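Worksheet for the structure shown next.
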Amino acid sequence: MSTATLAAGATATATPSASRRQRTSPDARRRRVALVMLAPALLGLAIFFVYPLIASIFYSFTRYNQLQDPEFVGLLNYRYLFTQDPQIAAAVTNTLWFVVILVPVRIVFALLVAGLLARARAASGFWRTLFYLPALVPPVASVVAFVFLFNPGTGPVNQILRAVGIPGPLWFNDPNWSKPSLVILGVWVMGDMMIIFLAALLEVPRDLYEAASLDGASGIQQVRHITLPTISPVIGFSVVTGVIAALQYFTEAAVASGVASGKATVGGGTGSGLGYPGTSLLTYTQLLYTRGFTSFQFGYASAMAVVLFVITAVLLVLTMRRISIFRAEES
Amino acid sequence: MPARSTRAVRSTASRTTAPVRATARRRLAAALALTAATATLIAGCTSGGGGAIDKTAPAHLKGTVSLWHFFTDREAKVVQTAIDGFEKANPDVTVTIHAGQDDEKLQKAISSGQSIDVGLSYTTAIVGSFCSSGAFRDLGPYVKRDKVDLGDIPQAERDYTEYKGTRCTLPVLADVSALMYNKAQFAAAGIAAPPKTLDELKADALKLTTYNADGSIKTLGFNPLIDFYENSPEHWSPMIDGQWLAKDGSSLIGQSEGWKKLLTWQKDFVDEIGYDKLRAFTSGLGQEFSADNAFQTGQVAMQIDGEYRSAFIADQAPDLDYGTAPTPVLDGIGHYGASYVAGNVAGIAKGSKNPELAWALLKYLATDTDTQVALANGLKNTPTLTSALTSPKLEVDENYRTFVDAAANEHTLTSPATTDGAAYLKTFQDAWNDYQEHGGDLTKILKKVDADIDAANQLAGP
């Protein structure tokens, strides 16, 4: 056993390990680099999504007011939510109404306006700016302005209607008209959607239309077979974000209720005016907020949040399957 | 052979799925561990508070004490003036004031363990939650030790500042409701005096109501819609000496003949003018807390409102010729002269680092007659001490007198605290809103109100 033999033996034993390191090192290094680069996003996800989600699930099985230790109550919150809460039916119905009516109406109007603007030859910049501007108005300001414009007694809308012999409705003061009034507001501020549709429409290759035109396709056929399939991912995106926003609809409805009821105050808290008129503008997230911050029932509010999360997830999966924009083969 | 083949398939399948299952199990275990760790973390995030107090009050006060309150601008200056008086009387004490803090901020600050000594809230709705949770300390030991005379606080105010025997707050000024009426419109309609009963109220209101050529309302004598401005079950409760909850917390509303009679009277009143006409007229009125308030503009001749309206009128409609009178009552049920009272409550936060200083400041704000008078003169709310209500230093004019007398009335009532922020009031209000528009079987509606309130109480817990 000379030194040379020992060295040879050492080399012989070291060789497989070294070669293994050579084989795995690049992968491991890549993984480490990827992990480091993803770390901020993962950390954010853990803090702002995973932790609140788990916390909400935990609290949803407790009676909790933020002031005392949570007390485990089993399924009490969920039982009350599904069988006893007198306001839940109105809140769910109103919210679904906004999902089913507000989202499609906004998309259709945004698409129509974008279609017109895409064809505009003269002063296109002016028109695009004009239709986009309302989207820049803060939601609270736009709602306050709309409630005054549509004031049944003194608002200009009903004054014009009266001048032409039409008795205007009570708009934000009538349970039957309060939600449609917010839809009108939603259409007015559809600039955010419109600008995305406009960009998508301008990206549709012109030669497709020219070829279809040569083949004798009508305008409607061109829209149906060229425009809509080409911009379907953008429509899908709008549907998904629109549904999420409608499920979380809060500010516009809350401000409209406060102002129309005549009880708007600054710093006076929330609760009494929410839902006005009647419970026609009470949305799910407003009810969740009042349960948490007015009634100090954070356990129950957490149960509501968990149910909203599940419903949102289910609706989004169904929507995405329906519009098939997120399928791997298409992407 | 088929059996062996099946076994072989199973075996192959189990060999291929085993690592997958193991991975899935590991992931499940990791998720459960994460959930458990988070839950433990969450459960550990809450804190306790409170503690025993000294046997005697300190002979000399020294140190810094914080006061969180919700007032802003002019009103905050009034509070500052009162605090200046406290600091002058106790030269070694500094009060750190945090103005413009609403209940939501107060609750978050207390639950997160921030160093708050005295918290002043604008609503009695917090009392149930803050007393039962210990967010505000039990003042009982301090009251007993210092022999504070709670008898100087009127009964209704004593009631709404404690929850199930735990006194964690003291009242610091209150809002009292009464009838405000337009004297010029009364004179024009030939009405000599404000109504004392609901029948008189309705008759006067109809006489004072005028219509446009198209049949729409021009001016309204009294708006009977229960969601108009300060109209609410609470503010109408003196009309029938309304009761809310039994001692065990269960609802009494559905069993009350008074509430049933009041809702019937109100619905008849609404129907006599027409719900749609009233709604159309109401929706054209200005905001309650603005210069366009319908009473201030003369569009409504009578309304139930709080004593603070006088300050608004003095500032925004100084030429308005108006008077005040006790809330009219249902003959034989309500106590004329009584009112509904609720207001500001103050307590010592559980995390207070200077509870003795905090108690001294709280005692000064809530039980010192001159301080209460100074605050009431500045803020134009009613004092919450009988000695202050009768103090010659209290600036009382003819209109304010109605509220001062109502505050001192032995039949003046309030609504009890619950741990869910008196959510039963909203439940009742929603049912009433629906009834005034759609009508229905009132007995059945009120029974459902009872059932909903009882179920909500069960959710809220003790």
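Residues in the structure tokens are named by chain (A, B, ... in the order shown) and by number from 1 within that chain; ligands are numbered from 1 in the order shown.
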Long-range neighbours of segment 423-432 of chain B as a list of chain:residue names, 7 Å cut-off, only C-alpha atoms, 3 positions minimum in chain: A:Gly278, A:Ser295, B:Ser232, B:Pro233, B:Asp420, B:Tyr435, B:Gln436, B:Val449, B:Ile453
Let's have the selection written as a compact mmCIF listing (two decimals), in the first residue's frame, with C-alpha atoms.
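Output below, filename again-v5.txt:
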# COMPACT_ATOMS: atom_id res chain seq x y z
CA GLY A 278 -84.68 48.70 1.76
CA SER A 295 -71.27 43.69 15.17
CA SER B 232 -85.89 55.02 13.72
CA PRO B 233 -87.32 52.46 16.13
CA ASP B 420 -72.99 42.16 18.67
CA TYR B 435 -93.52 46.60 6.34
CA GLN B 436 -94.07 50.29 5.61
CA VAL B 449 -88.12 39.72 14.17
CA ILE B 453 -82.92 38.49 17.10
Find the residues in chain B near chain A: any atom within 7 Å counts, using only C-alpha atoms. Write them as a PDB file with N, CA and C atoms, in the first residue's frame.
ATOM      1  N   THR B  35     -51.160  24.582   8.808  1.00  0.00           N
ATOM      2  CA  THR B  35     -52.424  25.084   9.340  1.00  0.00           C
ATOM      3  C   THR B  35     -52.389  25.137  10.863  1.00  0.00           C
ATOM      4  N   ALA B  39     -52.633  28.327  13.138  1.00  0.00           N
ATOM      5  CA  ALA B  39     -53.709  28.424  14.123  1.00  0.00           C
ATOM      6  C   ALA B  39     -53.150  28.731  15.505  1.00  0.00           C
ATOM      7  N   ILE B  42     -52.098  32.243  15.497  1.00  0.00           N
ATOM      8  CA  ILE B  42     -53.268  33.126  15.560  1.00  0.00           C
ATOM      9  C   ILE B  42     -53.821  33.144  16.987  1.00  0.00           C
ATOM     10  N   ALA B  43     -53.976  31.950  17.559  1.00  0.00           N
ATOM     11  CA  ALA B  43     -54.555  31.856  18.901  1.00  0.00           C
ATOM     12  C   ALA B  43     -53.683  32.574  19.920  1.00  0.00           C
ATOM     13  N   THR B  46     -53.717  36.897  20.644  1.00  0.00           N
ATOM     14  CA  THR B  46     -54.626  37.708  21.446  1.00  0.00           C
ATOM     15  C   THR B  46     -54.031  37.893  22.834  1.00  0.00           C
ATOM     16  N   GLU B 104     -63.764  51.914  15.221  1.00  0.00           N
ATOM     17  CA  GLU B 104     -63.035  50.856  14.532  1.00  0.00           C
ATOM     18  C   GLU B 104     -61.546  50.941  14.866  1.00  0.00           C
ATOM     19  N   SER B 111     -57.088  45.934  20.645  1.00  0.00           N
ATOM     20  CA  SER B 111     -56.817  44.514  20.426  1.00  0.00           C
ATOM     21  C   SER B 111     -55.362  44.261  20.053  1.00  0.00           C
ATOM     22  N   SER B 133     -65.737  41.568  26.920  1.00  0.00           N
ATOM     23  CA  SER B 133     -64.418  41.074  26.515  1.00  0.00           C
ATOM     24  C   SER B 133     -63.290  41.588  27.411  1.00  0.00           C
ATOM     25  N   ALA B 135     -62.127  44.568  27.064  1.00  0.00           N
ATOM     26  CA  ALA B 135     -61.381  45.575  26.297  1.00  0.00           C
ATOM     27  C   ALA B 135     -61.337  46.880  27.075  1.00  0.00           C
ATOM     28  N   TYR B 229     -84.260  60.496   7.885  1.00  0.00           N
ATOM     29  CA  TYR B 229     -83.389  61.206   8.832  1.00  0.00           C
ATOM     30  C   TYR B 229     -83.286  60.467  10.193  1.00  0.00           C
ATOM     31  N   ALA B 280     -91.050  59.711  -3.166  1.00  0.00           N
ATOM     32  CA  ALA B 280     -90.628  60.668  -4.196  1.00  0.00           C
ATOM     33  C   ALA B 280     -90.247  62.001  -3.556  1.00  0.00           C
ATOM     34  N   PHE B 281     -91.053  62.448  -2.608  1.00  0.00           N
ATOM     35  CA  PHE B 281     -90.773  63.714  -1.931  1.00  0.00           C
ATOM     36  C   PHE B 281     -89.476  63.615  -1.125  1.00  0.00           C
ATOM     37  N   SER B 283     -86.945  61.633  -1.468  1.00  0.00           N
ATOM     38  CA  SER B 283     -85.709  61.479  -2.246  1.00  0.00           C
ATOM     39  C   SER B 283     -85.234  62.802  -2.842  1.00  0.00           C
ATOM     40  N   GLY B 284     -86.109  63.811  -2.870  1.00  0.00           N
ATOM     41  CA  GLY B 284     -85.695  65.118  -3.376  1.00  0.00           C
ATOM     42  C   GLY B 284     -85.179  66.050  -2.293  1.00  0.00           C
ATOM     43  N   GLY B 286     -82.726  67.421   0.905  1.00  0.00           N
ATOM     44  CA  GLY B 286     -81.276  67.525   1.096  1.00  0.00           C
ATOM     45  C   GLY B 286     -80.761  66.538   2.133  1.00  0.00           C
ATOM     46  N   GLN B 287     -79.444  66.495   2.262  1.00  0.00           N
ATOM     47  CA  GLN B 287     -78.819  65.611   3.239  1.00  0.00           C
ATOM     48  C   GLN B 287     -79.153  66.069   4.659  1.00  0.00           C
ATOM     49  N   GLU B 288     -79.289  65.106   5.547  1.00  0.00           N
ATOM     50  CA  GLU B 288     -79.659  65.422   6.926  1.00  0.00           C
ATOM     51  C   GLU B 288     -78.656  66.370   7.589  1.00  0.00           C
ATOM     52  N   PHE B 289     -77.373  66.063   7.415  1.00  0.00           N
ATOM     53  CA  PHE B 289     -76.359  66.886   8.086  1.00  0.00           C
ATOM     54  C   PHE B 289     -75.752  67.896   7.111  1.00  0.00           C
ATOM     55  N   ASP B 420     -73.131  41.987  20.125  1.00  0.00           N
ATOM     56  CA  ASP B 420     -72.987  42.159  18.673  1.00  0.00           C
ATOM     57  C   ASP B 420     -73.320  43.589  18.245  1.00  0.00           C
ATOM     58  N   GLY B 421     -73.043  44.545  19.106  1.00  0.00           N
ATOM     59  CA  GLY B 421     -73.218  45.948  18.737  1.00  0.00           C
ATOM     60  C   GLY B 421     -74.662  46.337  18.541  1.00  0.00           C
ATOM     61  N   ALA B 423     -77.142  44.738  17.292  1.00  0.00           N
ATOM     62  CA  ALA B 423     -77.575  44.422  15.922  1.00  0.00           C
ATOM     63  C   ALA B 423     -79.084  44.225  15.839  1.00  0.00           C
ATOM     64  N   ASP B 430     -84.923  46.946   9.578  1.00  0.00           N
ATOM     65  CA  ASP B 430     -85.102  46.344   8.242  1.00  0.00           C
ATOM     66  C   ASP B 430     -86.522  45.805   8.069  1.00  0.00           C
ATOM     67  N   ASN B 433     -88.852  48.766   7.697  1.00  0.00           N
ATOM     68  CA  ASN B 433     -88.717  49.336   6.345  1.00  0.00           C
ATOM     69  C   ASN B 433     -89.560  48.555   5.348  1.00  0.00           C
ATOM     70  N   ASP B 434     -89.473  47.244   5.457  1.00  0.00           N
ATOM     71  CA  ASP B 434     -90.197  46.384   4.516  1.00  0.00           C
ATOM     72  C   ASP B 434     -91.705  46.482   4.740  1.00  0.00           C
ATOM     73  N   ASP B 452     -85.375  36.114  14.643  1.00  0.00           N
ATOM     74  CA  ASP B 452     -84.085  36.530  14.066  1.00  0.00           C
ATOM     75  C   ASP B 452     -83.165  37.098  15.144  1.00  0.00           C
ATOM     76  N   ALA B 455     -81.901  34.252  17.373  1.00  0.00           N
ATOM     77  CA  ALA B 455     -80.860  33.463  16.687  1.00  0.00           C
ATOM     78  C   ALA B 455     -79.544  34.225  16.646  1.00  0.00           C
TER      79      ALA B 455
END
Long-range neighbours of Thr93 of chain A as JSON, numbers by chain, 12 Å cut-off, only C-alpha atoms, 3 positions minimum in chain: {"A": [87, 88, 89, 90, 96, 97, 98, 99, 100, 101, 179, 247, 279, 280, 281, 282, 283, 284]}
Could you write out, as a ChimeraX atom specification, all the residues of segment 151-285 of chain A that DSSP marks as helix (DSSP H, G or I)? /A:156-163,171-173,178-188,191-203,206-214,219-247,251-260,284-285
Could you tell me how far atom CA of Ile116 of chain B lies from atom CA of Ser352 of chain B, in Å and to one decimal?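 Atom CA of Ser352 of chain B lies at a distance of 5.5 Å from atom CA of Ile116 of chain B.
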In Å, with one decimal, what is the gap from atom CA of Asp54 of chain B to atom CA of Arg158 of chain B? 24.7 Å
With only C-alpha atoms as the counted atoms, please give the residues lying no more than 8 Å from segment 331-343 of chain B, apart from itself and same-chain residues fewer than 5 positions off, as a ChimeraX atom specification. /B:122-124,156-157,160,171-178,196-198,234-241,258,326,405-407,409-415
I need the residues from that last selection saved to file as an mmCIF file, in the first residue's frame (with C-alpha atoms), if you can.
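Final output, result_10.cif:
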data_model
loop_
_atom_site.group_PDB
_atom_site.id
_atom_site.type_symbol
_atom_site.label_atom_id
_atom_site.label_comp_id
_atom_site.auth_asym_id
_atom_site.auth_seq_id
_atom_site.Cartn_x
_atom_site.Cartn_y
_atom_site.Cartn_z
ATOM 1 C CA TYR B 122 -69.566 57.950 20.089
ATOM 2 C CA THR B 123 -71.840 54.953 20.336
ATOM 3 C CA THR B 124 -73.291 52.807 23.055
ATOM 4 C CA ALA B 156 -81.073 55.436 31.317
ATOM 5 C CA GLU B 157 -77.437 56.580 31.064
ATOM 6 C CA TYR B 160 -76.422 51.914 28.618
ATOM 7 C CA PRO B 171 -71.343 58.445 30.035
ATOM 8 C CA VAL B 172 -69.798 61.675 28.757
ATOM 9 C CA LEU B 173 -72.683 63.731 27.298
ATOM 10 C CA ALA B 174 -75.638 62.302 25.413
ATOM 11 C CA ASP B 175 -78.057 62.845 22.538
ATOM 12 C CA VAL B 176 -81.713 63.185 23.397
ATOM 13 C CA SER B 177 -84.512 63.208 20.835
ATOM 14 C CA ALA B 178 -87.583 65.441 20.757
ATOM 15 C CA LYS B 196 -98.762 65.718 22.422
ATOM 16 C CA THR B 197 -100.292 62.498 21.124
ATOM 17 C CA LEU B 198 -99.806 60.503 17.933
ATOM 18 C CA GLU B 234 -85.013 53.811 18.859
ATOM 19 C CA HIS B 235 -86.039 57.446 18.481
ATOM 20 C CA TRP B 236 -89.704 56.493 18.234
ATOM 21 C CA SER B 237 -89.577 54.160 21.236
ATOM 22 C CA PRO B 238 -90.683 56.879 23.748
ATOM 23 C CA MET B 239 -93.971 57.081 21.834
ATOM 24 C CA ILE B 240 -94.949 53.723 23.340
ATOM 25 C CA ASP B 241 -92.426 53.332 26.174
ATOM 26 C CA GLY B 258 -97.151 48.936 22.017
ATOM 27 C CA PRO B 326 -91.343 66.385 23.845
ATOM 28 C CA ASP B 405 -85.931 68.244 30.774
ATOM 29 C CA ALA B 406 -86.325 65.074 28.697
ATOM 30 C CA ALA B 407 -82.831 63.919 29.711
ATOM 31 C CA ASN B 409 -87.185 62.608 32.940
ATOM 32 C CA GLU B 410 -87.499 59.413 34.966
ATOM 33 C CA HIS B 411 -89.220 57.601 32.079
ATOM 34 C CA THR B 412 -86.570 58.443 29.519
ATOM 35 C CA LEU B 413 -85.329 55.205 28.058
ATOM 36 C CA THR B 414 -82.497 53.702 26.059
ATOM 37 C CA SER B 415 -81.761 50.482 24.191
#
